[in-house]
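Next up, final_20.cif (mmCIF, C-alpha atoms and all ligand atoms):
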```cif
data_query
#
loop_
_atom_site.label_atom_id
_atom_site.label_comp_id
_atom_site.auth_asym_id
_atom_site.auth_seq_id
_atom_site.Cartn_x
_atom_site.Cartn_y
_atom_site.Cartn_z
CA MET B 1 160.90 264.27 107.94
CA THR B 2 159.98 264.33 104.25
CA ALA B 3 160.74 261.39 101.97
CA THR B 4 163.47 263.44 100.30
CA GLU B 5 165.10 264.34 103.62
CA SER B 6 165.08 260.74 104.78
CA ALA B 7 166.59 259.57 101.47
CA VAL B 8 169.39 262.13 101.87
CA SER B 9 170.18 261.19 105.48
CA GLU B 10 170.06 257.45 104.86
CA PRO B 11 173.30 255.83 103.83
CA LEU B 12 173.31 254.11 100.44
CA TYR B 13 173.64 250.66 101.95
CA ALA B 14 170.38 251.21 103.85
CA ARG B 15 168.55 250.49 100.61
CA GLU B 16 171.07 248.61 98.55
CA ARG B 17 170.71 244.85 98.62
CA ARG B 18 172.63 242.23 96.80
CA ILE B 19 170.25 240.29 94.58
CA GLY B 20 170.54 236.66 95.59
CA GLY B 21 173.73 234.83 96.45
CA THR B 22 175.72 234.75 99.64
CA THR B 23 178.36 237.13 100.95
CA TRP B 24 181.18 235.23 102.61
CA LEU B 25 182.79 237.37 105.27
CA ASP B 26 183.55 234.66 107.82
CA ALA B 27 186.97 233.29 106.85
CA ASN B 28 189.17 236.35 106.24
CA GLU B 29 189.65 235.47 102.59
CA SER B 30 190.64 238.06 100.02
CA PRO B 31 187.67 239.36 98.04
CA TYR B 32 189.91 239.46 94.97
CA PRO B 33 191.18 236.66 92.79
CA PRO B 34 194.96 236.63 92.46
CA PRO B 35 196.43 238.79 89.66
CA SER B 36 196.37 237.58 86.07
CA PRO B 37 199.90 236.07 85.88
CA VAL B 38 198.94 233.88 88.84
CA ARG B 39 195.57 232.91 87.35
CA ALA B 40 197.33 232.12 84.09
CA LYS B 41 199.32 229.42 85.91
CA VAL B 42 196.06 227.72 86.82
CA LEU B 43 194.41 228.09 83.42
CA ALA B 44 197.42 226.93 81.43
CA TYR B 45 198.50 224.18 83.72
CA PRO B 46 199.36 221.06 81.75
CA PRO B 47 201.01 218.39 83.90
CA LEU B 48 198.19 217.44 86.25
CA ASN B 49 199.47 213.87 86.16
CA ARG B 50 202.82 214.90 87.75
CA TYR B 51 203.64 215.51 91.39
CA GLY B 52 206.27 218.13 90.62
CA ASP B 53 209.50 218.84 92.49
CA PRO B 54 209.29 217.02 95.86
CA GLU B 55 211.68 219.57 97.42
CA CYS B 56 209.74 222.60 96.10
CA THR B 57 213.14 224.02 95.22
CA PRO B 58 212.06 227.11 93.23
CA LEU B 59 209.61 228.32 95.89
CA ILE B 60 211.96 227.54 98.78
CA SER B 61 214.77 229.40 97.00
CA ALA B 62 212.55 232.40 96.23
CA LEU B 63 211.37 232.61 99.84
CA ALA B 64 214.93 232.22 101.16
CA GLU B 65 215.98 235.13 98.99
CA GLU B 66 212.99 237.26 99.88
CA LEU B 67 213.38 236.66 103.62
CA GLN B 68 217.19 236.60 103.52
CA VAL B 69 217.58 233.29 105.34
CA PRO B 70 219.35 230.07 104.40
CA ARG B 71 217.13 227.66 102.49
CA GLU B 72 217.32 225.16 105.35
CA SER B 73 215.41 227.66 107.53
CA VAL B 74 212.46 227.97 105.14
CA LEU B 75 209.32 225.98 105.90
CA LEU B 76 206.51 225.18 103.50
CA GLY B 77 203.23 223.53 104.34
CA PRO B 78 199.72 222.95 103.02
CA GLY B 79 198.48 226.16 104.60
CA SER B 80 200.23 227.89 107.47
CA SER B 81 197.79 225.88 109.61
CA ALA B 82 199.88 222.76 108.95
CA LEU B 83 203.03 224.61 110.00
CA LEU B 84 201.38 225.84 113.19
CA GLN B 85 200.20 222.31 113.91
CA ARG B 86 203.71 220.88 113.46
CA LEU B 87 205.53 223.65 115.27
CA ILE B 88 203.25 223.13 118.26
CA ALA B 89 203.69 219.33 118.11
CA VAL B 90 207.48 219.35 117.83
CA SER B 91 207.83 222.04 120.51
CA CYS B 92 205.65 220.13 122.98
CA PRO B 93 206.82 216.52 122.60
CA ALA B 94 206.63 215.33 126.21
CA PRO B 95 203.60 214.69 128.43
CA GLY B 96 202.89 217.78 130.51
CA ASP B 97 204.45 220.20 128.01
CA ALA B 98 202.28 223.29 127.67
CA ALA B 99 201.48 225.70 124.84
CA MET B 100 200.31 229.25 125.55
CA TRP B 101 198.25 231.57 123.38
CA ALA B 102 195.98 234.59 123.63
CA SER B 103 192.31 233.69 123.84
CA PRO B 104 190.05 234.07 121.96
CA GLY B 105 192.41 233.41 119.08
CA PHE B 106 192.61 231.53 115.77
CA ASP B 107 190.30 228.65 116.64
CA ALA B 108 192.39 225.88 115.00
CA VAL B 109 195.12 226.43 117.62
CA GLU B 110 192.92 224.81 120.25
CA GLN B 111 192.74 221.70 118.05
CA PHE B 112 196.48 221.65 117.31
CA VAL B 113 197.36 221.86 121.00
CA ARG B 114 194.95 219.01 121.75
CA GLN B 115 196.40 216.91 118.92
CA ALA B 116 199.90 217.47 120.31
CA GLY B 117 198.70 216.23 123.70
CA ALA B 118 199.97 219.48 125.20
CA ALA B 119 198.42 221.35 128.12
CA ALA B 120 196.59 224.52 127.10
CA GLN B 121 197.54 227.85 128.63
CA ARG B 122 194.94 230.33 127.38
CA ILE B 123 195.67 233.90 128.35
CA PRO B 124 192.64 236.18 128.04
CA LEU B 125 192.95 239.20 125.76
CA THR B 126 193.01 242.61 127.41
CA PRO B 127 189.68 244.50 127.45
CA GLU B 128 190.91 246.30 124.30
CA GLY B 129 191.31 242.96 122.52
CA ALA B 130 195.11 242.96 122.63
CA THR B 131 197.49 240.16 123.52
CA ASP B 132 198.32 240.46 127.22
CA LEU B 133 202.09 240.07 127.07
CA GLU B 134 202.57 240.81 130.78
CA GLY B 135 199.87 238.27 131.62
CA MET B 136 201.67 235.73 129.45
CA LEU B 137 205.05 236.34 131.09
CA ALA B 138 203.46 235.98 134.52
CA ALA B 139 201.75 232.72 133.52
CA ILE B 140 204.81 230.97 132.05
CA THR B 141 205.68 227.85 134.05
CA PRO B 142 208.58 225.39 133.72
CA GLN B 143 206.17 223.31 131.59
CA THR B 144 205.57 226.07 129.03
CA ARG B 145 207.37 225.06 125.84
CA LEU B 146 205.74 227.33 123.29
CA VAL B 147 204.09 230.76 123.19
CA LEU B 148 202.10 231.69 120.12
CA LEU B 149 201.80 235.38 119.28
CA VAL B 150 199.45 236.29 116.43
CA ASN B 151 200.29 239.68 114.97
CA PRO B 152 197.88 241.24 113.99
CA HIS B 153 195.74 239.15 116.29
CA ASN B 154 192.81 237.12 114.98
CA PRO B 155 189.94 237.85 115.77
CA THR B 156 190.49 241.40 117.08
CA GLY B 157 193.11 242.83 114.71
CA ALA B 158 195.11 244.23 117.64
CA VAL B 159 198.86 244.47 117.15
CA ILE B 160 202.03 243.98 119.15
CA HIS B 161 204.47 246.82 118.55
CA GLY B 162 208.15 246.19 117.87
CA ALA B 163 209.33 247.47 121.24
CA GLU B 164 206.77 245.28 123.06
CA LEU B 165 207.74 242.24 121.03
CA ARG B 166 211.47 242.69 121.62
CA GLY B 167 210.86 243.33 125.33
CA PHE B 168 208.80 240.13 125.53
CA LEU B 169 211.47 238.08 123.77
CA ASP B 170 214.14 239.46 126.11
CA ARG B 171 212.16 238.29 129.12
CA VAL B 172 210.88 234.93 127.92
CA GLY B 173 213.29 232.09 128.66
CA PRO B 174 215.41 230.75 125.77
CA GLU B 175 213.89 227.31 126.39
CA VAL B 176 210.45 228.59 125.33
CA THR B 177 209.80 228.67 121.59
CA VAL B 178 208.04 231.86 120.51
CA LEU B 179 205.99 231.32 117.39
CA LEU B 180 204.99 234.49 115.55
CA ASP B 181 201.93 233.92 113.40
CA GLU B 182 201.86 236.70 110.81
CA ALA B 183 198.99 235.45 108.65
CA TYR B 184 197.72 239.06 108.32
CA HIS B 185 201.11 240.78 108.14
CA GLU B 186 200.48 242.37 104.72
CA PHE B 187 197.36 244.21 105.96
CA CYS B 188 199.16 245.78 108.91
CA ASP B 189 199.81 249.45 108.23
CA ASP B 190 200.90 250.38 111.75
CA PRO B 191 204.48 251.69 111.46
CA ARG B 192 205.18 250.63 115.05
CA VAL B 193 204.80 246.97 114.10
CA VAL B 194 208.03 245.36 113.01
CA ASP B 195 208.62 242.52 110.59
CA GLY B 196 208.71 239.35 112.70
CA ALA B 197 211.18 237.73 110.30
CA GLU B 198 213.67 240.54 110.96
CA VAL B 199 213.23 240.15 114.71
CA ALA B 200 213.66 236.37 114.46
CA LYS B 201 216.84 236.66 112.40
CA ALA B 202 218.33 239.17 114.83
CA ARG B 203 217.65 236.71 117.66
CA TRP B 204 219.21 233.82 115.78
CA ALA B 205 222.28 235.95 115.01
CA ALA B 206 222.61 236.55 118.77
CA GLY B 207 222.57 232.77 119.34
CA LEU B 208 218.95 232.74 120.56
CA GLU B 209 217.29 230.09 118.43
CA ASN B 210 213.82 230.17 119.94
CA VAL B 211 211.82 232.27 117.49
CA ALA B 212 209.94 231.06 114.40
CA VAL B 213 207.56 232.87 112.05
CA VAL B 214 204.72 231.64 109.86
CA ARG B 215 202.86 233.42 107.06
CA THR B 216 200.46 232.39 104.34
CA PHE B 217 199.51 232.79 100.70
CA SER B 218 195.85 232.31 101.72
CA LYS B 219 195.00 235.88 102.71
CA ALA B 220 196.63 238.91 101.06
CA TYR B 221 197.79 236.88 98.03
CA GLY B 222 194.24 235.61 97.41
CA LEU B 223 195.30 231.96 97.15
CA ALA B 224 193.24 230.32 99.89
CA ALA B 225 192.17 227.57 97.49
CA MET B 226 195.79 226.52 96.98
CA ARG B 227 196.64 225.96 100.64
CA VAL B 228 200.25 227.14 100.80
CA GLY B 229 201.81 228.49 103.97
CA TYR B 230 205.43 229.30 104.66
CA GLY B 231 207.64 230.25 107.51
CA ILE B 232 211.13 230.48 108.87
CA ALA B 233 212.68 228.68 111.81
CA PRO B 234 216.17 228.06 113.13
CA PRO B 235 217.68 225.06 111.26
CA ALA B 236 217.19 222.43 114.01
CA LEU B 237 213.54 223.38 114.55
CA ALA B 238 212.97 223.58 110.79
CA ARG B 239 214.38 220.06 110.37
CA ALA B 240 212.03 218.73 113.06
CA VAL B 241 209.04 220.43 111.42
CA ARG B 242 209.95 218.98 108.02
CA ALA B 243 210.31 215.53 109.58
CA ALA B 244 206.75 215.84 110.92
CA GLY B 245 205.41 216.58 107.42
CA VAL B 246 204.13 214.50 104.55
CA PRO B 247 206.18 213.85 101.39
CA ARG B 248 205.07 215.85 98.34
CA GLU B 249 202.34 217.63 100.28
CA ILE B 250 202.59 220.83 98.21
CA GLY B 251 201.08 219.96 94.84
CA SER B 252 202.85 221.35 91.80
CA LEU B 253 199.93 223.64 90.92
CA ALA B 254 199.94 225.10 94.44
CA HIS B 255 203.71 225.48 94.21
CA ASP B 256 203.65 227.26 90.86
CA THR B 257 200.82 229.64 91.74
CA ALA B 258 202.48 230.59 95.04
CA LEU B 259 205.74 231.26 93.21
CA ALA B 260 203.93 233.38 90.61
CA ALA B 261 202.18 235.26 93.45
CA LEU B 262 205.54 236.14 95.01
CA TYR B 263 206.55 237.71 91.70
CA ALA B 264 203.25 239.63 91.50
CA LYS B 265 203.69 241.52 94.73
CA THR B 266 202.77 244.90 93.28
CA ALA B 267 199.29 243.67 92.35
CA MET B 268 198.91 242.08 95.78
CA ARG B 269 199.85 245.36 97.47
CA GLN B 270 197.29 247.25 95.36
CA ASP B 271 194.53 244.84 96.43
CA VAL B 272 195.65 245.12 100.05
CA ALA B 273 195.53 248.92 99.84
CA VAL B 274 191.89 248.73 98.70
CA VAL B 275 191.05 246.38 101.58
CA ILE B 276 192.71 248.78 104.03
CA ARG B 277 190.64 251.68 102.63
CA GLU B 278 187.46 249.62 102.87
CA ARG B 279 188.40 248.59 106.43
CA ALA B 280 188.46 252.29 107.38
CA ARG B 281 185.15 252.95 105.61
CA VAL B 282 183.36 250.01 107.27
CA LEU B 283 184.78 251.02 110.66
CA THR B 284 183.51 254.58 110.24
CA GLU B 285 180.08 253.46 109.05
CA LEU B 286 179.74 250.98 111.91
CA ARG B 287 180.55 253.72 114.41
CA ARG B 288 178.01 255.95 112.72
CA LEU B 289 175.44 253.21 113.22
CA GLY B 290 176.24 253.08 116.94
CA TYR B 291 178.53 250.04 117.01
CA ALA B 292 181.90 250.00 118.74
CA PRO B 293 184.21 248.03 116.39
CA LEU B 294 187.78 247.58 117.60
CA PRO B 295 190.44 249.29 115.51
CA SER B 296 191.98 246.49 113.45
CA ARG B 297 195.13 246.07 111.37
CA GLY B 298 193.96 242.83 109.76
CA ASN B 299 191.54 242.30 106.87
CA PHE B 300 188.68 242.01 109.35
CA LEU B 301 186.91 243.93 112.09
CA PHE B 302 185.72 242.76 115.48
CA LEU B 303 182.46 243.89 117.03
CA PRO B 304 182.36 243.23 120.78
CA LEU B 305 178.66 242.42 120.91
CA GLY B 306 178.82 240.09 123.91
CA ASP B 307 175.56 238.21 124.45
CA ASP B 308 174.08 239.68 121.27
CA SER B 309 176.70 237.99 119.10
CA VAL B 310 174.71 234.86 118.29
CA THR B 311 171.58 236.74 117.28
CA PHE B 312 173.62 239.27 115.28
CA VAL B 313 175.29 236.44 113.33
CA ARG B 314 171.86 234.89 112.74
CA HIS B 315 170.43 238.22 111.61
CA CYS B 316 173.30 238.70 109.13
CA ARG B 317 172.73 235.21 107.80
CA THR B 318 169.06 235.92 107.11
CA THR B 319 170.28 238.73 104.84
CA GLY B 320 172.72 236.36 103.11
CA VAL B 321 175.86 237.59 104.87
CA HIS B 322 178.05 235.08 106.70
CA VAL B 323 180.15 236.48 109.54
CA LEU B 324 181.91 234.66 112.36
CA GLY B 325 180.57 234.57 115.90
CA VAL B 326 183.27 234.31 118.55
CA ALA B 327 181.74 232.50 121.53
CA ASP B 328 179.46 235.20 122.99
CA ARG B 329 182.35 237.66 122.94
CA GLY B 330 181.73 239.28 119.63
CA VAL B 331 181.55 238.97 115.89
CA ARG B 332 184.40 239.00 113.41
CA VAL B 333 183.62 240.29 109.95
CA THR B 334 186.03 240.04 107.06
CA VAL B 335 186.56 243.17 104.97
CA GLY B 336 185.44 242.27 101.47
CA ASP B 337 185.03 244.36 98.37
CA LEU B 338 182.72 247.36 98.24
CA VAL B 339 179.63 245.32 97.39
CA ASP B 340 180.34 242.69 100.08
CA ASN B 341 180.89 245.42 102.64
CA ASP B 342 177.72 247.26 101.70
CA SER B 343 175.80 244.01 102.09
CA PHE B 344 177.26 243.63 105.56
CA LEU B 345 176.59 247.27 106.42
CA HIS B 346 173.03 246.80 105.25
CA ALA B 347 172.68 243.90 107.71
CA ALA B 348 174.27 245.99 110.48
CA PHE B 349 171.94 248.89 109.64
CA THR B 350 168.77 246.78 109.77
CA TRP B 351 169.93 245.13 113.01
CA ALA B 352 170.59 248.51 114.61
CA ALA B 353 167.21 249.80 113.40
CA GLY B 354 165.50 246.70 114.85
CA GLN B 355 167.31 247.13 118.17
CA GLY B 356 166.14 250.74 118.26
CA GLU B 357 162.55 249.60 117.87
CA ALA B 358 162.84 246.86 120.51
C1 LIG V 401 195.83 233.76 112.63
C2 LIG V 401 195.77 232.73 111.56
N1 LIG V 401 196.85 231.96 111.34
C3 LIG V 401 196.84 231.02 110.39
C4 LIG V 401 195.75 230.81 109.58
C5 LIG V 401 195.80 229.71 108.61
O1 LIG V 401 195.72 230.02 107.29
P1 LIG V 401 196.15 229.00 106.18
O2 LIG V 401 196.18 227.63 106.78
O3 LIG V 401 195.13 229.12 105.12
O4 LIG V 401 197.51 229.41 105.74
C6 LIG V 401 194.62 231.60 109.77
C7 LIG V 401 193.43 231.39 108.93
O5 LIG V 401 192.38 231.96 109.08
C8 LIG V 401 194.63 232.58 110.78
O6 LIG V 401 193.57 233.36 111.02
#
```

Give the structure from this file in structure tokens form.
Amino acid sequence: MTATESAVSEPLYARERRIGGTTWLDANESPYPPPSPVRAKVLAYPPLNRYGDPECTPLISALAEELQVPRESVLLGPGSSALLQRLIAVSCPAPGDAAMWASPGFDAVEQFVRQAGAAAQRIPLTPEGATDLEGMLAAITPQTRLVLLVNPHNPTGAVIHGAELRGFLDRVGPEVTVLLDEAYHEFCDDPRVVDGAEVAKARWAAGLENVAVVRTFSKAYGLAAMRVGYGIAPPALARAVRAAGVPREIGSLAHDTALAALYAKTAMRQDVAVVIRERARVLTELRRLGYAPLPSRGNFLFLPLGDDSVTFVRHCRTTGVHVLGVADRGVRVTVGDLVDNDSFLHAAFTWAAGQGEA
């Protein structure tokens, strides 16, 4: 092959390299800063000496209106992590109570279940990386108090369709709280996935008060630094979660930026659309390079690399790209902006080339 031919057949990222710096693709953050009205809140923020409204009334009211629930059902926390932690703790108060989730999953859940003193019921993902709803139903015991469903699932990006979710809720006992973690909801463009908040409200209206939902401003809204998560729960559960919280835990700056972000939804959706396009491009390029990434509806992709995961993560790091290894199962890589993604693809390209030589 001549030099010209090889230059034509080689993808751009084969040669392109970021000059210095690190590419962070290990925490599913947005590659984009929040839109300008949100940034303006930070830049022009005067009262740093004030706590702000302890009840977070404006943000609670805006979320109640957006989600069409009474204000008493809205939850706020310093990250949706805090809400997950509390929902698990208040749902599993007694010794022997058990919490169930799909594994591997969002790694903090392991810690929250341990902190609650609950027994762990880890249900392996299906070979396709999906939540095994049938396996969960079969594994529920009288001790199971909570089932966590992450939709789209972290780390695989697999989704639970509306019909599957409703079928699961119909079969799970009313004494089991089902917690829907929709941290990546905004990135999910599968029309068969339904809005968990709508499903939860329909259940409540039917007198079934065992479904709660959490979401976050950390991902699609690009506000990870502010640590604001939100959710909805039936009033009694919401009261218990609030009682497990800390007074004034949402700082006024976090409150105001989250509120501004809610009013800047159009900009958020534009950024999400770019991430979705890049997700498709990275997926295609990875397949072209011989990888087998799972189709994902989150802002990340999962490469089932098995035993090679650790060395792949290490290889990426030597090129300045941080990705997340998931315990010798695979590697999760966040979809960043075009430059981030090309840096990752460059690492994937050189790894594949090295494997070929080995
Ligand atoms: C599935 C899932 N839920 C919840 C969270 C928590 O996000 P935060 O605490 O920033 O709202 C994450 C963060 O990565 C996540 O992956």

Distance in Å - atom CA of B:Val178 versus atom CA of B:Ile60: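 These atoms are spaced 22.5 Å apart.
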
Could you pull the residues within 7 Å of stretch 227-236 of chain B, counting only C-alpha atoms, minus those fewer than 4 positions along the same chain, as a JSON list (two decimals) with C-alpha atoms, in the coordinates of the input?
```
[["chain", "number", "residue", "atom", "x", "y", "z"],
["B", 72, "GLU", "CA", 217.32, 225.16, 105.35],
["B", 73, "SER", "CA", 215.41, 227.66, 107.53],
["B", 74, "VAL", "CA", 212.46, 227.97, 105.14],
["B", 75, "LEU", "CA", 209.32, 225.98, 105.90],
["B", 76, "LEU", "CA", 206.51, 225.18, 103.50],
["B", 77, "GLY", "CA", 203.23, 223.53, 104.34],
["B", 78, "PRO", "CA", 199.72, 222.95, 103.02],
["B", 79, "GLY", "CA", 198.48, 226.16, 104.60],
["B", 80, "SER", "CA", 200.23, 227.89, 107.47],
["B", 209, "GLU", "CA", 217.29, 230.09, 118.43],
["B", 211, "VAL", "CA", 211.82, 232.27, 117.49],
["B", 212, "ALA", "CA", 209.94, 231.06, 114.40],
["B", 213, "VAL", "CA", 207.56, 232.87, 112.05],
["B", 214, "VAL", "CA", 204.72, 231.64, 109.86],
["B", 215, "ARG", "CA", 202.86, 233.42, 107.06],
["B", 216, "THR", "CA", 200.46, 232.39, 104.34],
["B", 217, "PHE", "CA", 199.51, 232.79, 100.70],
["B", 218, "SER", "CA", 195.85, 232.31, 101.72],
["B", 240, "ALA", "CA", 212.03, 218.73, 113.06],
["B", 254, "ALA", "CA", 199.94, 225.10, 94.44]]
```

Shortest interatomic distance to B:Ala183 - which of B:Ala348, B:Met100, B:Ala292, B:Leu84, counting all atoms listed in the file: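 Answer, going by the shortest atom-to-atom distance: B:Leu84.
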
Within 7 Å of stretch 256-262 of chain B using only C-alpha atoms, minus same-chain residues under 3 positions, as a PyMOL selection string: chain B and resi 37-38+41+59+217+221+252-253+265

Which neighbours of stretch 150-160 of chain B fall inside 10 Å, counting only C-alpha atoms, when residues of the same chain fewer than 4 positions from it are skipped, and could you give them as a PDB file with C-alpha atoms, keeping the file's coordinate frame?
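Written out: result_18.pdb:
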```
ATOM      1  CA  ASN B  28     189.170 236.350 106.240  1.00  0.00           C
ATOM      2  CA  TRP B 101     198.250 231.570 123.380  1.00  0.00           C
ATOM      3  CA  ALA B 102     195.980 234.590 123.630  1.00  0.00           C
ATOM      4  CA  SER B 103     192.310 233.690 123.840  1.00  0.00           C
ATOM      5  CA  PRO B 104     190.050 234.070 121.960  1.00  0.00           C
ATOM      6  CA  GLY B 105     192.410 233.410 119.080  1.00  0.00           C
ATOM      7  CA  PHE B 106     192.610 231.530 115.770  1.00  0.00           C
ATOM      8  CA  ASP B 107     190.300 228.650 116.640  1.00  0.00           C
ATOM      9  CA  LEU B 125     192.950 239.200 125.760  1.00  0.00           C
ATOM     10  CA  GLU B 128     190.910 246.300 124.300  1.00  0.00           C
ATOM     11  CA  GLY B 129     191.310 242.960 122.520  1.00  0.00           C
ATOM     12  CA  ALA B 130     195.110 242.960 122.630  1.00  0.00           C
ATOM     13  CA  THR B 131     197.490 240.160 123.520  1.00  0.00           C
ATOM     14  CA  ASP B 132     198.320 240.460 127.220  1.00  0.00           C
ATOM     15  CA  LEU B 133     202.090 240.070 127.070  1.00  0.00           C
ATOM     16  CA  GLU B 164     206.770 245.280 123.060  1.00  0.00           C
ATOM     17  CA  LEU B 165     207.740 242.240 121.030  1.00  0.00           C
ATOM     18  CA  ARG B 166     211.470 242.690 121.620  1.00  0.00           C
ATOM     19  CA  LEU B 179     205.990 231.320 117.390  1.00  0.00           C
ATOM     20  CA  LEU B 180     204.990 234.490 115.550  1.00  0.00           C
ATOM     21  CA  ASP B 181     201.930 233.920 113.400  1.00  0.00           C
ATOM     22  CA  GLU B 182     201.860 236.700 110.810  1.00  0.00           C
ATOM     23  CA  ALA B 183     198.990 235.450 108.650  1.00  0.00           C
ATOM     24  CA  TYR B 184     197.720 239.060 108.320  1.00  0.00           C
ATOM     25  CA  HIS B 185     201.110 240.780 108.140  1.00  0.00           C
ATOM     26  CA  GLU B 186     200.480 242.370 104.720  1.00  0.00           C
ATOM     27  CA  PHE B 187     197.360 244.210 105.960  1.00  0.00           C
ATOM     28  CA  CYS B 188     199.160 245.780 108.910  1.00  0.00           C
ATOM     29  CA  ASP B 190     200.900 250.380 111.750  1.00  0.00           C
ATOM     30  CA  ARG B 192     205.180 250.630 115.050  1.00  0.00           C
ATOM     31  CA  VAL B 193     204.800 246.970 114.100  1.00  0.00           C
ATOM     32  CA  VAL B 194     208.030 245.360 113.010  1.00  0.00           C
ATOM     33  CA  ASP B 195     208.620 242.520 110.590  1.00  0.00           C
ATOM     34  CA  GLY B 196     208.710 239.350 112.700  1.00  0.00           C
ATOM     35  CA  VAL B 213     207.560 232.870 112.050  1.00  0.00           C
ATOM     36  CA  VAL B 214     204.720 231.640 109.860  1.00  0.00           C
ATOM     37  CA  PRO B 293     184.210 248.030 116.390  1.00  0.00           C
ATOM     38  CA  LEU B 294     187.780 247.580 117.600  1.00  0.00           C
ATOM     39  CA  PRO B 295     190.440 249.290 115.510  1.00  0.00           C
ATOM     40  CA  SER B 296     191.980 246.490 113.450  1.00  0.00           C
ATOM     41  CA  ARG B 297     195.130 246.070 111.370  1.00  0.00           C
ATOM     42  CA  GLY B 298     193.960 242.830 109.760  1.00  0.00           C
ATOM     43  CA  ASN B 299     191.540 242.300 106.870  1.00  0.00           C
ATOM     44  CA  PHE B 300     188.680 242.010 109.350  1.00  0.00           C
ATOM     45  CA  LEU B 301     186.910 243.930 112.090  1.00  0.00           C
ATOM     46  CA  PHE B 302     185.720 242.760 115.480  1.00  0.00           C
ATOM     47  CA  LEU B 303     182.460 243.890 117.030  1.00  0.00           C
ATOM     48  CA  PRO B 304     182.360 243.230 120.780  1.00  0.00           C
ATOM     49  CA  LEU B 324     181.910 234.660 112.360  1.00  0.00           C
ATOM     50  CA  GLY B 325     180.570 234.570 115.900  1.00  0.00           C
ATOM     51  CA  VAL B 326     183.270 234.310 118.550  1.00  0.00           C
ATOM     52  CA  GLY B 330     181.730 239.280 119.630  1.00  0.00           C
ATOM     53  CA  VAL B 331     181.550 238.970 115.890  1.00  0.00           C
ATOM     54  CA  ARG B 332     184.400 239.000 113.410  1.00  0.00           C
ATOM     55  CA  VAL B 333     183.620 240.290 109.950  1.00  0.00           C
ATOM     56  CA  THR B 334     186.030 240.040 107.060  1.00  0.00           C
TER      57      THR B 334
END
```

Report, as JSON, the axis-aligned box around all atoms of ligand LIG 401 (chain V) present in the file, extended by 4 Å on each side; give centre and edge lengths in Å to one decimal place.
```
{"center_x": 194.9, "center_y": 230.7, "center_z": 108.9, "size_x": 13.1, "size_y": 14.1, "size_z": 15.5}
```

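Picture a line from atom CA of B:Glu278 to atom CA of B:Thr126; it runs 26.1 Å.
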
message: Report, in Å to a single decimal, how far apart atom CA of B:Ile140 and atom CA of B:Ala118 are.
response: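 Spanning atom CA of B:Ala118 to atom CA of B:Ile140 is a straight-line distance of 14.2 Å.
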
message: Nearest residue to B:Arg50 out of B:Arg248, B:Asp337, B:His161, B:Gln68, using only C-alpha atoms?
response: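 Among the listed residues, B:Arg248 lies closest to B:Arg50.
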
statement: Using only C-alpha atoms and all ligand atoms, the best pick from B:Met226, B:Leu208, B:Leu283, B:Val275 as closest to ligand LIG 401 (chain V) would be B:Met226

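Residue neighbourhood of B:Ala99, excluding near-sequence residues (fewer than 6 positions): Ile88, Ser91, Cys92, Val113, Ala118, Ala119, Ala120, Gln121, Arg122, Gln143, Thr144, Arg145, Leu146, Val147 and Leu148 of chain B, at 9 Å, using all atoms listed in the file.
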